[in-house]
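J.: Supplied structure: start15.csv, CSV, C-alpha atoms.
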```csv
chain,number,residue,atom,x,y,z
A,1,MET,CA,32.0,6.0,-14.4
A,2,GLN,CA,30.4,5.2,-11.1
A,3,ILE,CA,27.6,7.1,-9.4
A,4,GLU,CA,26.9,6.3,-5.8
A,5,ILE,CA,23.5,7.5,-4.5
A,6,TRP,CA,22.8,7.8,-0.8
A,7,SER,CA,19.0,7.7,-0.2
A,8,ASP,CA,16.2,6.3,1.8
A,9,VAL,CA,13.2,4.4,0.5
A,10,VAL,CA,10.8,6.7,2.4
A,11,CYS,CA,12.4,9.9,1.0
A,12,PRO,CA,10.1,11.5,-1.6
A,13,TRP,CA,12.9,13.8,-2.9
A,14,CYS,CA,15.0,10.7,-3.4
A,15,TYR,CA,12.4,9.3,-5.8
A,16,VAL,CA,12.1,12.7,-7.6
A,17,GLY,CA,15.9,12.9,-7.8
A,18,LYS,CA,16.1,9.4,-9.2
A,19,ARG,CA,13.8,10.3,-12.1
A,20,ARG,CA,15.8,13.5,-12.7
A,21,LEU,CA,19.1,11.6,-12.8
A,22,GLU,CA,17.5,9.0,-15.1
A,23,SER,CA,16.5,11.9,-17.5
A,24,ALA,CA,20.0,13.2,-17.5
A,25,LEU,CA,21.4,9.7,-18.2
A,26,ALA,CA,19.0,9.2,-21.0
A,27,GLY,CA,20.6,12.1,-22.9
A,28,PHE,CA,24.2,11.2,-21.9
A,29,ALA,CA,26.2,9.7,-24.8
A,30,HIS,CA,28.2,7.4,-22.5
A,31,ARG,CA,25.3,6.2,-20.4
A,32,ASP,CA,26.1,2.5,-21.1
A,33,GLU,CA,29.4,3.0,-19.3
A,34,VAL,CA,27.8,4.4,-16.1
A,35,GLU,CA,27.3,2.2,-13.1
A,36,VAL,CA,24.8,3.3,-10.5
A,37,VAL,CA,25.1,1.9,-6.9
A,38,TYR,CA,22.7,2.8,-4.1
A,39,ARG,CA,24.0,3.4,-0.6
A,40,SER,CA,22.0,3.3,2.6
A,41,PHE,CA,20.9,6.3,4.6
A,42,GLU,CA,18.3,6.1,7.4
A,43,LEU,CA,16.3,9.3,7.8
A,44,ASP,CA,14.9,8.1,11.1
A,45,PRO,CA,16.6,5.2,12.7
A,46,SER,CA,14.3,5.5,15.7
A,47,ALA,CA,11.2,4.9,13.6
A,48,PRO,CA,9.2,1.9,14.8
A,49,HIS,CA,9.6,-1.4,13.0
A,50,HIS,CA,6.3,-2.3,11.3
A,51,GLY,CA,5.0,1.2,12.1
A,52,HIS,CA,1.4,2.2,11.2
A,53,GLU,CA,1.1,5.8,12.1
A,54,PRO,CA,0.5,8.1,9.0
A,55,THR,CA,3.4,10.2,8.1
A,56,LEU,CA,1.2,13.3,8.0
A,57,GLY,CA,1.0,13.6,11.8
A,58,VAL,CA,4.6,12.6,12.3
A,59,THR,CA,5.8,15.3,9.9
A,60,ALA,CA,3.5,17.9,11.5
A,61,ARG,CA,5.0,17.2,14.9
A,62,LYS,CA,8.6,17.1,13.7
A,63,TYR,CA,8.4,20.5,12.1
A,64,GLY,CA,5.9,22.1,14.4
A,65,LEU,CA,3.3,22.6,11.6
A,66,SER,CA,-0.4,22.5,11.5
A,67,GLU,CA,-2.1,19.7,9.6
A,68,ALA,CA,-3.1,22.2,6.9
A,69,GLU,CA,0.5,23.4,6.6
A,70,THR,CA,1.7,19.9,6.4
A,71,ARG,CA,-0.8,19.0,3.7
A,72,GLN,CA,0.3,22.0,1.7
A,73,MET,CA,4.0,21.0,2.0
A,74,LYS,CA,3.2,17.5,0.9
A,75,GLN,CA,1.0,18.7,-2.0
A,76,GLN,CA,4.0,20.7,-3.3
A,77,LEU,CA,6.0,17.5,-3.2
A,78,ILE,CA,3.2,15.6,-5.0
A,79,GLU,CA,3.3,18.2,-7.8
A,80,ALA,CA,7.1,18.0,-8.0
A,81,GLY,CA,6.7,14.2,-8.4
A,82,ALA,CA,4.0,14.6,-11.0
A,83,ALA,CA,6.3,16.8,-13.1
A,84,GLU,CA,8.6,13.7,-13.2
A,85,GLY,CA,5.9,11.3,-14.1
A,86,LEU,CA,5.3,10.0,-10.5
A,87,GLU,CA,2.0,9.7,-8.7
A,88,LEU,CA,3.1,10.1,-5.0
A,89,ARG,CA,0.5,9.1,-2.4
A,90,LEU,CA,2.1,11.2,0.3
A,91,PHE,CA,-1.2,11.5,2.3
A,92,ASP,CA,-1.4,7.7,2.7
A,93,THR,CA,2.1,6.6,3.6
A,94,VAL,CA,3.0,5.3,7.1
A,95,HIS,CA,6.0,6.1,9.4
A,96,THR,CA,8.1,3.0,9.6
A,97,ASN,CA,11.7,1.9,10.0
A,98,THR,CA,13.7,1.3,6.9
A,99,LEU,CA,16.7,-0.7,8.2
A,100,ASP,CA,15.4,-4.0,6.9
A,101,ALA,CA,14.7,-2.5,3.4
A,102,HIS,CA,18.3,-1.3,3.3
A,103,ARG,CA,19.6,-4.7,4.4
A,104,VAL,CA,17.7,-6.4,1.6
A,105,LEU,CA,19.1,-3.8,-0.9
A,106,HIS,CA,22.6,-4.7,0.3
A,107,LEU,CA,21.7,-8.4,-0.4
A,108,ALA,CA,20.6,-7.4,-3.9
A,109,LEU,CA,23.9,-5.7,-4.6
A,110,ALA,CA,26.0,-8.5,-3.2
A,111,THR,CA,24.2,-11.3,-5.1
A,112,GLY,CA,22.9,-9.6,-8.2
A,113,GLY,CA,25.0,-6.6,-8.8
A,114,PRO,CA,24.0,-3.0,-9.4
A,115,ALA,CA,21.3,-3.8,-12.0
A,116,VAL,CA,19.4,-6.1,-9.6
A,117,GLN,CA,19.8,-3.6,-6.8
A,118,ALA,CA,18.4,-0.8,-9.0
A,119,GLU,CA,15.4,-2.9,-9.9
A,120,LEU,CA,14.7,-3.6,-6.2
A,121,LYS,CA,15.2,0.0,-5.3
A,122,GLU,CA,12.6,1.1,-7.8
A,123,ALA,CA,10.2,-1.6,-6.6
A,124,LEU,CA,10.5,-0.4,-3.0
A,125,LEU,CA,10.1,3.2,-3.8
A,126,ALA,CA,7.0,2.4,-5.9
A,127,ALA,CA,5.6,0.2,-3.2
A,128,TYR,CA,5.9,2.9,-0.6
A,129,PHE,CA,5.0,6.0,-2.6
A,130,VAL,CA,2.8,4.8,-5.4
A,131,ARG,CA,0.9,2.0,-3.6
A,132,ALA,CA,1.3,3.3,-0.1
A,133,GLU,CA,2.5,-0.1,1.2
A,134,ASN,CA,4.4,-0.4,4.4
A,135,ILE,CA,8.0,-1.2,3.5
A,136,GLY,CA,8.7,-2.1,7.1
A,137,ASP,CA,6.5,-5.1,6.6
A,138,HIS,CA,8.6,-8.2,5.8
A,139,ASP,CA,5.9,-9.5,3.5
A,140,VAL,CA,6.2,-6.4,1.3
A,141,LEU,CA,10.0,-6.8,1.3
A,142,ARG,CA,9.8,-10.5,0.4
A,143,ALA,CA,7.5,-9.8,-2.5
A,144,ALA,CA,9.6,-7.0,-3.9
A,145,ALA,CA,12.9,-8.9,-3.4
A,146,THR,CA,11.7,-12.1,-5.0
A,147,ALA,CA,10.1,-10.3,-7.9
A,148,ALA,CA,13.5,-8.7,-8.5
A,149,GLY,CA,15.0,-12.2,-8.8
A,150,LEU,CA,16.6,-12.6,-5.3
A,151,ASP,CA,16.8,-16.1,-3.9
A,152,PRO,CA,13.8,-16.4,-1.5
A,153,ALA,CA,15.8,-18.5,1.0
A,154,ARG,CA,18.5,-15.8,1.2
A,155,VAL,CA,15.9,-13.1,1.6
A,156,GLU,CA,14.4,-15.1,4.6
A,157,GLU,CA,17.9,-15.5,6.1
A,158,VAL,CA,18.6,-11.8,5.9
A,159,LEU,CA,15.2,-10.8,7.3
A,160,ALA,CA,15.5,-13.2,10.2
A,161,SER,CA,18.9,-11.9,11.2
A,162,ASP,CA,20.9,-8.7,11.4
A,163,GLU,CA,22.9,-9.5,8.3
A,164,TYR,CA,24.1,-6.4,6.4
A,165,ALA,CA,23.3,-4.1,9.3
A,166,GLU,CA,26.9,-3.2,9.7
A,167,ASP,CA,27.0,-2.4,6.0
A,168,VAL,CA,24.1,0.0,6.4
A,169,ARG,CA,25.9,1.7,9.2
A,170,ALA,CA,29.1,1.9,7.2
A,171,ASP,CA,27.2,3.6,4.3
A,172,VAL,CA,25.7,6.2,6.7
A,173,ALA,CA,29.2,6.8,8.2
A,174,ARG,CA,30.6,7.4,4.7
A,175,ALA,CA,27.9,9.9,3.8
A,176,GLN,CA,28.6,11.8,7.0
A,177,ALA,CA,32.3,11.7,6.2
A,178,TYR,CA,31.5,13.4,2.9
A,179,GLY,CA,29.6,16.0,4.8
A,180,ALA,CA,26.1,14.9,3.8
A,181,THR,CA,23.4,15.8,6.3
A,182,GLY,CA,20.4,14.7,4.2
A,183,VAL,CA,19.5,12.8,1.1
A,184,PRO,CA,19.5,12.3,-1.8
A,185,PHE,CA,23.2,12.7,-2.0
A,186,TYR,CA,25.2,11.7,-5.1
A,187,VAL,CA,29.0,11.1,-5.5
A,188,VAL,CA,30.3,10.7,-9.0
A,189,ASP,CA,33.6,8.8,-9.4
A,190,ALA,CA,34.5,9.6,-5.8
A,191,LYS,CA,35.2,13.2,-7.0
A,192,TYR,CA,32.0,15.2,-7.5
A,193,GLY,CA,29.3,15.5,-4.9
A,194,VAL,CA,25.8,16.6,-5.6
A,195,SER,CA,23.3,17.3,-2.8
A,196,GLY,CA,19.6,17.2,-3.3
A,197,ALA,CA,17.2,16.4,-6.1
A,198,GLN,CA,18.8,18.7,-8.6
A,199,PRO,CA,17.3,19.5,-12.0
A,200,ALA,CA,18.3,17.0,-14.8
A,201,GLU,CA,20.4,19.8,-16.4
A,202,VAL,CA,22.6,19.9,-13.3
A,203,PHE,CA,23.1,16.2,-13.4
A,204,GLY,CA,23.9,16.4,-17.1
A,205,ARG,CA,26.6,18.9,-16.5
A,206,VAL,CA,28.2,16.8,-13.8
A,207,LEU,CA,28.1,13.7,-16.0
A,208,GLU,CA,29.8,15.5,-18.8
A,209,GLN,CA,32.5,17.0,-16.5
A,210,ALA,CA,33.2,13.7,-14.8
A,211,TRP,CA,33.5,11.9,-18.1
A,212,ALA,CA,35.9,14.5,-19.5
A,213,ASP,CA,38.0,14.2,-16.4
A,214,SER,CA,38.1,10.4,-16.7
A,215,GLN,CA,39.6,10.5,-20.2
A,216,PRO,CA,43.3,10.8,-20.9
A,217,ARG,CA,44.3,14.3,-22.0
A,218,LEU,CA,47.6,15.7,-23.3
A,219,SER,CA,48.9,19.2,-23.0
A,220,MET,CA,50.6,19.8,-26.4
A,221,VAL,CA,53.8,21.8,-26.5
A,222,GLY,CA,55.7,23.3,-29.4
A,223,GLY,CA,54.2,24.4,-32.7
A,224,GLY,CA,51.9,22.3,-34.9
A,225,ASP,CA,54.0,22.7,-38.0
A,226,ALA,CA,56.9,20.3,-37.2
A,227,GLU,CA,57.7,17.6,-39.6
A,228,THR,CA,55.8,14.3,-39.3
A,229,CYS,CA,55.1,11.1,-41.3
A,230,GLY,CA,51.5,10.1,-41.9
A,231,PRO,CA,49.5,7.4,-43.8
A,232,ASP,CA,50.4,9.0,-47.1
A,233,GLY,CA,54.1,9.1,-46.4
A,234,CYS,CA,56.6,11.7,-45.2
A,235,ALA,CA,56.8,15.2,-46.5
A,236,ILE,CA,60.3,16.1,-47.8
```
Starting from the file, give its structure as structure tokens.
T.:
Amino acid sequence: MQIEIWSDVVCPWCYVGKRRLESALAGFAHRDEVEVVYRSFELDPSAPHHGHEPTLGVTARKYGLSEAETRQMKQQLIEAGAAEGLELRLFDTVHTNTLDAHRVLHLALATGGPAVQAELKEALLAAYFVRAENIGDHDVLRAAATAAGLDPARVEEVLASDEYAEDVRADVARAQAYGATGVPFYVVDAKYGVSGAQPAEVFGRVLEQAWADSQPRLSMVGGGDAETCGPDGCAI
């Protein structure tokens, strides 16, 4: 079974949703047969590279809120994160472009597979939300990528170029083709779509349904009392 997750590394609900899905997978009997792949989605492609403006003001302007209203909204998110074991520093994050982070995540998938990509994804989310680091900063990206085991030389090549930029755009196009207008957005076995940071129970039901659908099933016809032979011989 494959789960594709469209998300952005500056999306707090993506981090909350990640934890909720992980909770569902922890209770799923077939979790070792589930592959999770992260797909790119840029919430704000126009955000400045290496931006430094606090997101508090950016959010207030975007939604036409006062600073007090914005703080209340972010506090609710902080509490939602805390319920999942996350300490989100939403009052300290900066508004920055995430294209380079997504490109490095594509490098991780291409060279290390889903497991390495997942490790880097967690590292980038923690860097931004837990430590309030600027994930538009190449030094932050280098540190996270090399800690996840990526080749430092390849990381430098990617950051110094536009490599994987087309892959990022292709991911966004796929999400839009599915009808996704925001993230997180989950697609299970290219058949089931889940929008938003749903409760773990919802993810659990989707996992069970998708697994059942992936297994061969027969529709039995006729009665169950016809003659058969078994390990103990044939009834006469």
J.: Suppose you want the space between CA of Asp189 (chain A) and CA of Tyr15 (chain A); what is it in Å?
T.: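 Between CA of Asp189 (chain A) and CA of Tyr15 (chain A) the gap is 21.5 Å.
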J.: Using all atoms listed in the file, which of the listed residues (A:Val194, A:Leu107, A:Val130, A:Leu77) sits closest to Ala180 (chain A)?
T.: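 Selected residue with least distance to Ala180 (chain A): A:Val194.
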J.: Name the residues in contact with region 207-215 of chain A at a cut-off of 10 Å, using all atoms listed in the file, excluding same-chain residues fewer than 4 positions from it; report them as number ranges by chain.
T.: A: 1-3, 21, 24-25, 28-31, 33-34, 188-192, 201-203
J.: Please, what distance in Å, to one decimal, runs between CA of Ala26 (chain A) and CA of Glu4 (chain A)?
T.: 17.4 Å
J.: At what distance in Å, to one decimal, does CA of Glu22 (chain A) lie from CA of Ala101 (chain A)?
T.: 22.0 Å
J.: If we draw a sphere of 12 Å around (-1.3, 5.4, 1.5), which residues have at least one atom in it when counting only C-alpha atoms? Please report them as a list in words.
T.: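 Taken together, the residues in range are His52, Glu53, Pro54, Thr55, Leu56, Glu87, Leu88, Arg89, Leu90, Phe91, Asp92, Thr93, Val94, His95, Ala126, Ala127, Tyr128, Phe129, Val130, Arg131, Ala132, Glu133, Asn134 and Ile135 of chain A.
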J.: How would the residues just picked look written out with C-alpha atoms as a short mmCIF file (atom, residue, chain, number, x, y, z; two decimals), in the coordinates of the input?
T.:
```cif
data_model
loop_
_atom_site.label_atom_id
_atom_site.label_comp_id
_atom_site.auth_asym_id
_atom_site.auth_seq_id
_atom_site.Cartn_x
_atom_site.Cartn_y
_atom_site.Cartn_z
CA HIS A 52 1.40 2.20 11.20
CA GLU A 53 1.10 5.80 12.10
CA PRO A 54 0.50 8.10 9.00
CA THR A 55 3.40 10.20 8.10
CA LEU A 56 1.20 13.30 8.00
CA GLU A 87 2.00 9.70 -8.70
CA LEU A 88 3.10 10.10 -5.00
CA ARG A 89 0.50 9.10 -2.40
CA LEU A 90 2.10 11.20 0.30
CA PHE A 91 -1.20 11.50 2.30
CA ASP A 92 -1.40 7.70 2.70
CA THR A 93 2.10 6.60 3.60
CA VAL A 94 3.00 5.30 7.10
CA HIS A 95 6.00 6.10 9.40
CA ALA A 126 7.00 2.40 -5.90
CA ALA A 127 5.60 0.20 -3.20
CA TYR A 128 5.90 2.90 -0.60
CA PHE A 129 5.00 6.00 -2.60
CA VAL A 130 2.80 4.80 -5.40
CA ARG A 131 0.90 2.00 -3.60
CA ALA A 132 1.30 3.30 -0.10
CA GLU A 133 2.50 -0.10 1.20
CA ASN A 134 4.40 -0.40 4.40
CA ILE A 135 8.00 -1.20 3.50
#
```
